[in-house]
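Only one structure is covered here, and it is reproduced in the block below.
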There are 2 protein chains.
Amino acid sequence: MPLGERAGDKSESRYCGIETEFNDDMPHVLAFNLSSGGFDFIVAPLMDPTYRPSLLQKDSLGSGVLPFAASDLVLSPAQWSSHVVGKISSWIDLDSEDETLRMDSETTLKQEIAWATHLSLQACLLPAPKGTSIANYARCVNQILQGLSNMQLWLRIPLVKPDDDCKDAKSDTLVDSWEIWNSFRVLCEHHSQLSIALDILSTLPSANSLGRWFGESVRAAIVNTDSFLTNARGYPCLSKRHQKLVTAFFNHSIQIIISGKSVHNIPKACVDSASYHDHSVADSQKHPLRPYLDYVAYLYQRMDPLPEQERFELGYRDFLQSPLQPLMDNLEAQTYETFEKDAVKYIQYQRAVCKALLDRVPDEKASSITTVLMVVGAGRGPLVRASLQAAEETGRKLKVFAVEKNPNAVVTLHSLVKLEGWEDTVTIVSSDMRYWTAPEKADILVSELLGSFGDNELSPECLDGAQRFLKQDGISIPSSYTSFLQPVTASKLYNDVKAHKDIVHFETAYVVKMHNVARLAPTQPVFTFTHPKRSNMESNLRYKKLQFMIPNDTGSALVHGFAGYFDATLYKDVHLGIEPSTATPNMFSWFAIFFPLRTPICVTPDSPLEVHFWRCCASTKVWYEWCVSSPSSSPIHNSNGRSYWVGL
Amino acid sequence: MPLGERAGDKSESRYCGIETEFNDDMPHVLAFNLSSGGFDFIVAPLMDPTYRPSLLQKDSLGSGVLPFAASDLVLSPAQWSSHVVGKISSWIDLDSEDETLRMDSETTLKQEIAWATHLSLQACLLPAPKGTSIANYARCVNQILQGLSNMQLWLRIPLVKPDDDCKDAKSDTLVDSWEIWNSFRVLCEHHSQLSIALDILSTLPSANSLGRWFGESVRAAIVNTDSFLTNARGYPCLSKRHQKLVTAFFNHSIQIIISGKSVHNIPKACVDSASYHDHSVADSQKHPLRPYLDYVAYLYQRMDPLPEQERFELGYRDFLQSPLQPLMDNLEAQTYETFEKDAVKYIQYQRAVCKALLDRVPDEKASSITTVLMVVGAGRGPLVRASLQAAEETGRKLKVFAVEKNPNAVVTLHSLVKLEGWEDTVTIVSSDMRYWTAPEKADILVSELLGSFGDNELSPECLDGAQRFLKQDGISIPSSYTSFLQPVTASKLYNDVKAHKDIVHFETAYVVKMHNVARLAPTQPVFTFTHPKRSNMESNLRYKKLQFMIPNDTGSALVHGFAGYFDATLYKDVHLGIEPSTATPNMFSWFAIFFPLRTPICVTPDSPLEVHFWRCCASTKVWYEWCVSSPSSSPIHNSNGRSYWVGL
């Protein structure tokens, strides 16, 4: 049964598994662990661990029947596929120096996977590589992956990373297990059905190093009973750091699997008083690992419920969306609807307009001066409303022009003005701001033309056009905006891009609610635009070279691409943005943007990651090009905007 | 006029160019350097070097006419395209910190390339990068390359590499220019129209480091007059190492360009007596650089003529061929014809059969014992002939079975036997050796089933079948064979594979006469097969891990793939092979084999290149898989033989 109910959480991590020993009475194993134990699935060996193909051949005694754990008929197809993960024989060692062992390993691995496929299992657990030499193991798994229909292969990887101190010793046995994983998956060409089951040990590496894994395709975390501590009442519990890690696993849809023998001798008398314990005493005594499951369930149930906004955005997590083309295409009503709901954003705009009005019109002239405010890109009117509210709040007189190029939105604007009785204050202009001939000049220009990466929806080009009708000393809200970037591990996003099997998708930026992503270094500013421009000669071309340093204790990591954000200064100290360290709380109009790399680049803490971003402009379009030049060079992405561009 | 006549040499390197200064009287420049100077082409600036777009804009005086060297009409289209290489303004610096200079550089570069395209020039010389930061230069060149029809862009690169001693100083200014080239071309995605013009300085780096360039797309070598020495008679000459290098350039179709001012004051009296000088005195005195050209011509003419075999193979140089499928397909008469001409090969076979006959039949039993010899894969009979000649030579009695699966070749065999009167000795068997039921067992099995990589035409599988009818103590000729590999830089081959724009071609091995290739480390043995097999259980699967070390003084290099060869022991000390260090001289039946890498890997002398090769077998096919695991991992190539396999 699931670990508990958590509002909004429909992820796999509600289910907890248990690693079992070889047993050819599969129905019993399943009944014992699921019904008595309370686990949701078992990770069970499929083949007698004493089996070796080479021994069989020599004996020539074999009946030809492979010593699998059970006939497929002993469980129903649904039981096999919902409750059993196949555990591949742990003795297999495909990179052994011993050729017989290597051959036996290859034969057995292929036989067990074939059996698991026959049973329609959802996943198999592959044993951890025995050493750092993994090429033959990877070659064999890669061959299997080419012909696999739906099954996942979980490669078991112990969660270990030697400290930097140990590194000096240059001991071969101390390796960062992430590097083994990285070689393995690169050899297997980032296959989407190859994922990870992390073995959690009693000692955990640094937080930065743990963080890397949240950008990788970790499906399960195997917690050995050895890694549990004992609480005052004799019950198993986890260290603070382990608790935090397990909670993070829950948040990233990673399933927990309990492994090992019970090492806690729970006094009978205590069982009832365990505060986190909500199963019957009788049940828990039957299964030796029940107290461990109960503790994990306690951690699950203890989590805060998902905030409403998170719950709303669950479906968007790590899902690639093409950015809008708001200039070339007209937005749909649904899009306006969504954006207009973002109250926080309009409150910020209102605050900015208030401050601008107060600066522009002193109290004593409040009744004599009428400020001309133009909303450029008025849409269905939210900025018109915010501006009028600011005027009311400050007691300033306002004349508003609402300029909008989308004739469909103009219809809504008209009825809004009528409904609200704004006819005397607001003039609606159905025109593209870049070509409109204004009857007078504006004191204040208000726009919301920003994309996830700031300038990526061509705010600079639009405001270049609108600046014609802004007074010399006029104010633009926003007055400036800056884009930000940081390198990320994002294997899910990378694989989704790769699935298209073309270069075009690797040279496109995507809007994404990033979740299963590891942010490898703090963000850095990229391009800044300031309005109004001081000179018409100022170009909208930009070029920025960035150097990111991966924190020392992270270890090596794979960069699948870059997460992009923006921060905008609306007016003076009123800002708006999604750059993680300064993000405006509870604003949901923008997800981040993701710039992929055609070939992920492995970075280490000793060498900086050097990245180049260009904003290029031609007469009909604007586009970005990007590349990495260190530690090694990538091709330049999106040359001449051949794959991705925004139309003018 | 060309540097000279060299039998068989039709390469570009017969033509020598000269770098000129800006001059808007293009007809004069051309006449002076070609007619008076004797050069074949000029490398001439296209634009007034004082031009800067930003100055033009500020002045606003410009007529709108760009200050190009001349109107397109001053030369005929043929003159422009055959005799002029456009020299792009050398002041341009796209990675300057100075934004104005950067913008000016981009504008000018694009204008000059557009002009060169208008003139249908064959190539433009791009100035050397000013520093180690090259990303913006590469981005701009890459944009240009996307839209370029036929023109080549030659990036000027000084031929410098600091000694390892200097490296310790960690001076930023001392960089291996190859690394700059490598970053540049990776950023430009190995574009086939981007190539190199090497600037030859007076000091040359080590021979190993020079060797790298012969695998790169070097089109021209610019030799400055400063790099010339002065001989006893006051004439320019080159150091021994420079001479050797220039000769190597000639051999690799690299054109020489003379650059700089005359720094040799040639005494008039001496001119006649110059031994290598075959132009008239009057001519040579007209052009200050004529003595340099004459010296280069002298080096050209001094070269040995191409050997006949090389001349015959010229057309195959660096040309990718798919390996034969001799089991699935029947060879054509033309193929037999070519192979049979390889006298050296059959002499070796005859020597091997001689030795085997002498070992098998002592002199005293020469007349009583008849040796049963089976030629398996007899083709049109050359091995039958070699065997009979060996019998005659040794005075041994022979009974020959000629087994051949190709019914067309069997026709030829029949007439051969008739023609030669071998009816009593030779029995022709029209059958596949793997399925033939032999009437008796053989003493000696002779076959020629080897491919460029030894086992790649399935000799092991065929001989497994034939071994059934070999006596327990019988002899197989060949008795063993081993494949060899070495990493190579081979940009031409890589680009030819890449041109197919699919993965299949990157996962295929090719037969190639390798020429413009840099062999980066000595070969290492890969797979060995020995016949007859000791046991039927012995499998034909193979797995080999190889570690290559790049010599220290090479510097970094790019590995585009691996060159493969074989060496076969026919019998005892009689061998046959194409492994470069032990290759059988004057044998032409086999070119090397090339295994490409999907993404070239940069290697340095400090870290070994670790490579894995597998020979995999299934019921209907045999294939190789390969990968690199260090310094970084590549994907495993050709998983399950999905792209390239040999049918059984």
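Residue numbers start at 1 in each chain; chains themselves are named A, B, ... in the order of the structure tokens; ligands are numbered from 1 in the order shown.
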Self-check item: Residues flagged alpha helix (DSSP H) by DSSP in stretch 194-339 of chain B, as a VMD selection string
Solution: chain B and resid 207 to 211 240 to 251 281 to 286 290 to 302 308 to 313 333 to 339
Selection to disk with C-alpha atoms, as a CSV table (one decimal), in the first residue's frame:
```csv
chain,number,residue,atom,x,y,z
B,207,ALA,CA,58.6,16.2,-36.4
B,208,ASN,CA,55.8,14.4,-34.5
B,209,SER,CA,54.0,17.7,-34.0
B,210,LEU,CA,54.4,18.6,-37.7
B,211,GLY,CA,53.0,15.1,-38.6
B,240,LYS,CA,67.2,20.6,-44.2
B,241,ARG,CA,64.1,20.4,-42.0
B,242,HIS,CA,62.4,23.0,-44.0
B,243,GLN,CA,63.3,21.2,-47.2
B,244,LYS,CA,61.8,18.0,-45.9
B,245,LEU,CA,58.7,19.8,-44.8
B,246,VAL,CA,58.2,21.5,-48.2
B,247,THR,CA,58.7,18.2,-49.9
B,248,ALA,CA,56.0,16.7,-47.6
B,249,PHE,CA,53.7,19.5,-48.6
B,250,PHE,CA,54.2,18.7,-52.3
B,251,ASN,CA,53.4,15.1,-51.5
B,281,VAL,CA,68.4,36.0,-66.0
B,282,ALA,CA,66.4,38.8,-67.4
B,283,ASP,CA,63.2,37.4,-66.0
B,284,SER,CA,64.5,36.7,-62.6
B,285,GLN,CA,65.9,40.1,-62.1
B,286,LYS,CA,62.6,41.7,-62.7
B,290,ARG,CA,61.9,35.2,-58.2
B,291,PRO,CA,64.9,33.5,-56.6
B,292,TYR,CA,62.7,32.2,-53.8
B,293,LEU,CA,60.3,30.8,-56.3
B,294,ASP,CA,63.2,29.2,-58.2
B,295,TYR,CA,64.4,27.6,-55.1
B,296,VAL,CA,61.0,26.1,-54.4
B,297,ALA,CA,60.8,24.9,-58.0
B,298,TYR,CA,64.2,23.3,-57.6
B,299,LEU,CA,62.9,21.4,-54.5
B,300,TYR,CA,59.9,20.3,-56.5
B,301,GLN,CA,61.9,19.1,-59.5
B,302,ARG,CA,64.4,17.3,-57.2
B,308,GLU,CA,54.3,3.0,-60.7
B,309,GLN,CA,52.2,1.4,-58.0
B,310,GLU,CA,51.7,4.8,-56.3
B,311,ARG,CA,50.8,6.3,-59.6
B,312,PHE,CA,48.2,3.5,-60.2
B,313,GLU,CA,46.8,4.1,-56.7
B,333,ALA,CA,35.7,-11.0,-63.0
B,334,GLN,CA,37.3,-7.6,-62.7
B,335,THR,CA,38.0,-8.1,-59.0
B,336,TYR,CA,39.6,-11.5,-59.7
B,337,GLU,CA,41.6,-9.9,-62.5
B,338,THR,CA,43.0,-7.2,-60.1
B,339,PHE,CA,43.8,-9.6,-57.3
```
Exercise. From a DSSP pass on the backbone, collect the residues of stretch 327-377 of chain A flagged as strand (DSSP E or B) and hand them back as number ranges by chain.
Key: A: 370-376
Exercise. Find the residues of chain A in contact range of chain B, meaning any atom within 6 Å when counting only C-alpha atoms, and list them as JSON, numbers by chain.
Key: {"A": [143, 183, 186, 187, 188, 189, 633, 634, 635, 636, 639, 640]}
Only N, CA, C and O atoms, please: the residues just picked out, written as a PDB file, in the first residue's frame.
```pdb
ATOM      1  N   GLN A 143      23.453  -3.254 -26.314  1.00  0.00           N
ATOM      2  CA  GLN A 143      22.843  -4.180 -27.281  1.00  0.00           C
ATOM      3  C   GLN A 143      21.422  -4.532 -26.856  1.00  0.00           C
ATOM      4  O   GLN A 143      20.508  -4.562 -27.668  1.00  0.00           O
ATOM      5  N   SER A 183      30.176   7.521 -17.654  1.00  0.00           N
ATOM      6  CA  SER A 183      30.775   6.767 -18.758  1.00  0.00           C
ATOM      7  C   SER A 183      29.778   5.758 -19.315  1.00  0.00           C
ATOM      8  O   SER A 183      29.619   5.612 -20.530  1.00  0.00           O
ATOM      9  N   VAL A 186      27.071   7.409 -21.389  1.00  0.00           N
ATOM     10  CA  VAL A 186      27.569   7.967 -22.650  1.00  0.00           C
ATOM     11  C   VAL A 186      27.833   6.831 -23.630  1.00  0.00           C
ATOM     12  O   VAL A 186      27.466   6.902 -24.798  1.00  0.00           O
ATOM     13  N   LEU A 187      28.441   5.744 -23.117  1.00  0.00           N
ATOM     14  CA  LEU A 187      28.664   4.575 -23.967  1.00  0.00           C
ATOM     15  C   LEU A 187      27.328   4.067 -24.531  1.00  0.00           C
ATOM     16  O   LEU A 187      27.245   3.633 -25.667  1.00  0.00           O
ATOM     17  N   CYS A 188      26.281   4.132 -23.712  1.00  0.00           N
ATOM     18  CA  CYS A 188      24.947   3.683 -24.142  1.00  0.00           C
ATOM     19  C   CYS A 188      24.161   4.814 -24.811  1.00  0.00           C
ATOM     20  O   CYS A 188      22.938   4.744 -24.925  1.00  0.00           O
ATOM     21  N   GLU A 189      24.857   5.866 -25.198  1.00  0.00           N
ATOM     22  CA  GLU A 189      24.244   6.933 -25.975  1.00  0.00           C
ATOM     23  C   GLU A 189      23.036   7.560 -25.302  1.00  0.00           C
ATOM     24  O   GLU A 189      22.030   7.822 -25.974  1.00  0.00           O
ATOM     25  N   SER A 633      35.440  22.526 -26.975  1.00  0.00           N
ATOM     26  CA  SER A 633      34.546  23.320 -27.815  1.00  0.00           C
ATOM     27  C   SER A 633      33.361  22.504 -28.300  1.00  0.00           C
ATOM     28  O   SER A 633      33.494  21.327 -28.613  1.00  0.00           O
ATOM     29  N   SER A 634      32.224  23.160 -28.345  1.00  0.00           N
ATOM     30  CA  SER A 634      31.035  22.567 -28.969  1.00  0.00           C
ATOM     31  C   SER A 634      30.889  23.218 -30.339  1.00  0.00           C
ATOM     32  O   SER A 634      31.502  24.245 -30.591  1.00  0.00           O
ATOM     33  N   PRO A 635      30.081  22.650 -31.214  1.00  0.00           N
ATOM     34  CA  PRO A 635      29.747  23.421 -32.415  1.00  0.00           C
ATOM     35  C   PRO A 635      28.963  24.667 -32.012  1.00  0.00           C
ATOM     36  O   PRO A 635      28.346  24.686 -30.949  1.00  0.00           O
ATOM     37  N   ILE A 636      28.986  25.678 -32.867  1.00  0.00           N
ATOM     38  CA  ILE A 636      28.146  26.844 -32.614  1.00  0.00           C
ATOM     39  C   ILE A 636      26.717  26.444 -32.960  1.00  0.00           C
ATOM     40  O   ILE A 636      26.451  25.914 -34.036  1.00  0.00           O
ATOM     41  N   SER A 639      23.379  28.499 -36.055  1.00  0.00           N
ATOM     42  CA  SER A 639      24.040  29.472 -36.931  1.00  0.00           C
ATOM     43  C   SER A 639      23.027  30.118 -37.875  1.00  0.00           C
ATOM     44  O   SER A 639      22.212  29.436 -38.506  1.00  0.00           O
ATOM     45  N   ASN A 640      23.086  31.430 -37.956  1.00  0.00           N
ATOM     46  CA  ASN A 640      22.155  32.204 -38.794  1.00  0.00           C
ATOM     47  C   ASN A 640      20.688  31.985 -38.418  1.00  0.00           C
ATOM     48  O   ASN A 640      19.802  32.241 -39.224  1.00  0.00           O
TER      49      ASN A 640
END
```
Exercise. Name the residues in contact with A:Val43 at a cut-off of 9 Å, using only C-alpha atoms, excluding same-chain residues fewer than 3 positions from it; report them as a PyMOL selection string.
Key: chain A and resi 17-21+83-87+124-125+257
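Using only C-alpha atoms, the protein and nucleic acid residues lying no more than 7 Å from A:Thr508, apart from those fewer than 5 places from it along its own chain, are Phe595, Ser643 and Tyr644 of chain A.
The residue that comes closest to A:Leu34, out of A:Leu289, A:Ile196, A:Glu538, A:Phe68 and on the basis of only C-alpha atoms, is A:Leu289.
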Quiz item: Near B:Met1, counting only C-alpha atoms, which residues have an atom at most 9 Å away, once you skip same-chain residues fewer than 4 positions from it, shown as a PyMOL selection string?
Solution: chain B and resi 14-16+34-35+38-40
Go ahead and write the selection's residues with C-alpha atoms as an mmCIF file, in the first residue's frame.
```cif
data_model
loop_
_atom_site.group_PDB
_atom_site.id
_atom_site.type_symbol
_atom_site.label_atom_id
_atom_site.label_comp_id
_atom_site.auth_asym_id
_atom_site.auth_seq_id
_atom_site.Cartn_x
_atom_site.Cartn_y
_atom_site.Cartn_z
ATOM 1 C CA ARG B 14 52.630 22.149 -58.662
ATOM 2 C CA TYR B 15 51.326 25.708 -58.412
ATOM 3 C CA CYS B 16 53.050 28.337 -56.332
ATOM 4 C CA LEU B 34 52.497 35.974 -63.013
ATOM 5 C CA SER B 35 54.249 37.035 -66.192
ATOM 6 C CA GLY B 38 56.568 33.275 -62.726
ATOM 7 C CA PHE B 39 54.055 32.682 -59.945
ATOM 8 C CA ASP B 40 50.802 30.859 -60.644
#
```
Quiz item: A:Glu12: which residues within 7 Å, counting only C-alpha atoms, same-chain residues fewer than 5 positions away excluded, as a VMD selection string?
Solution: chain A and resid 253 to 255
Can I get the selection written as a compact mmCIF listing (two decimals), in the first residue's frame, with N, CA, C and O atoms?
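The resulting out23.txt:
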```
# COMPACT_ATOMS: atom_id res chain seq x y z
N SER A 253 10.10 12.15 -7.47
CA SER A 253 9.49 10.91 -7.99
C SER A 253 10.45 9.73 -7.97
O SER A 253 10.45 8.90 -8.88
N ILE A 254 11.31 9.68 -6.98
CA ILE A 254 12.25 8.57 -6.85
C ILE A 254 11.72 7.61 -5.78
O ILE A 254 11.43 8.02 -4.66
N GLN A 255 11.58 6.34 -6.15
CA GLN A 255 11.02 5.36 -5.22
C GLN A 255 12.07 4.84 -4.25
O GLN A 255 13.21 4.61 -4.63
```
Practice problem: Go ahead and compute the interatomic distance for atom CA of A:Gly561 and atom CA of A:Ala583, in Å to one decimal. | Solution: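 Straight-line distance from atom CA of A:Gly561 to atom CA of A:Ala583 works out to 21.0 Å.
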Quiz item: Which residues, written as a PyMOL selection string, have at least one atom at most 6 Å from A:Leu229, with only C-alpha atoms counted and residues fewer than 2 positions away on the same chain left out?
Solution: chain A and resi 236-238
Selection from above, C-alpha atoms, as an mmCIF file, in the first residue's frame, can you write it?
```cif
data_model
loop_
_atom_site.group_PDB
_atom_site.id
_atom_site.type_symbol
_atom_site.label_atom_id
_atom_site.label_comp_id
_atom_site.auth_asym_id
_atom_site.auth_seq_id
_atom_site.Cartn_x
_atom_site.Cartn_y
_atom_site.Cartn_z
ATOM 1 C CA PRO A 236 15.125 2.578 13.099
ATOM 2 C CA CYS A 237 15.449 6.148 11.999
ATOM 3 C CA LEU A 238 17.677 8.124 9.648
#
```
Quiz item: B:Thr117, B:Thr582, B:Ser535, B:Ser96: which is nearest B:Tyr137, counting only C-alpha atoms?
Solution: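 Answer, going by the shortest atom-to-atom distance: B:Ser96.
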Practice problem: Using only C-alpha atoms, pick whichever of A:Gly395, A:Gly215, A:Pro307, A:Pro608 has the shortest atom-to-atom distance to A:His515. | Solution: A:Gly215
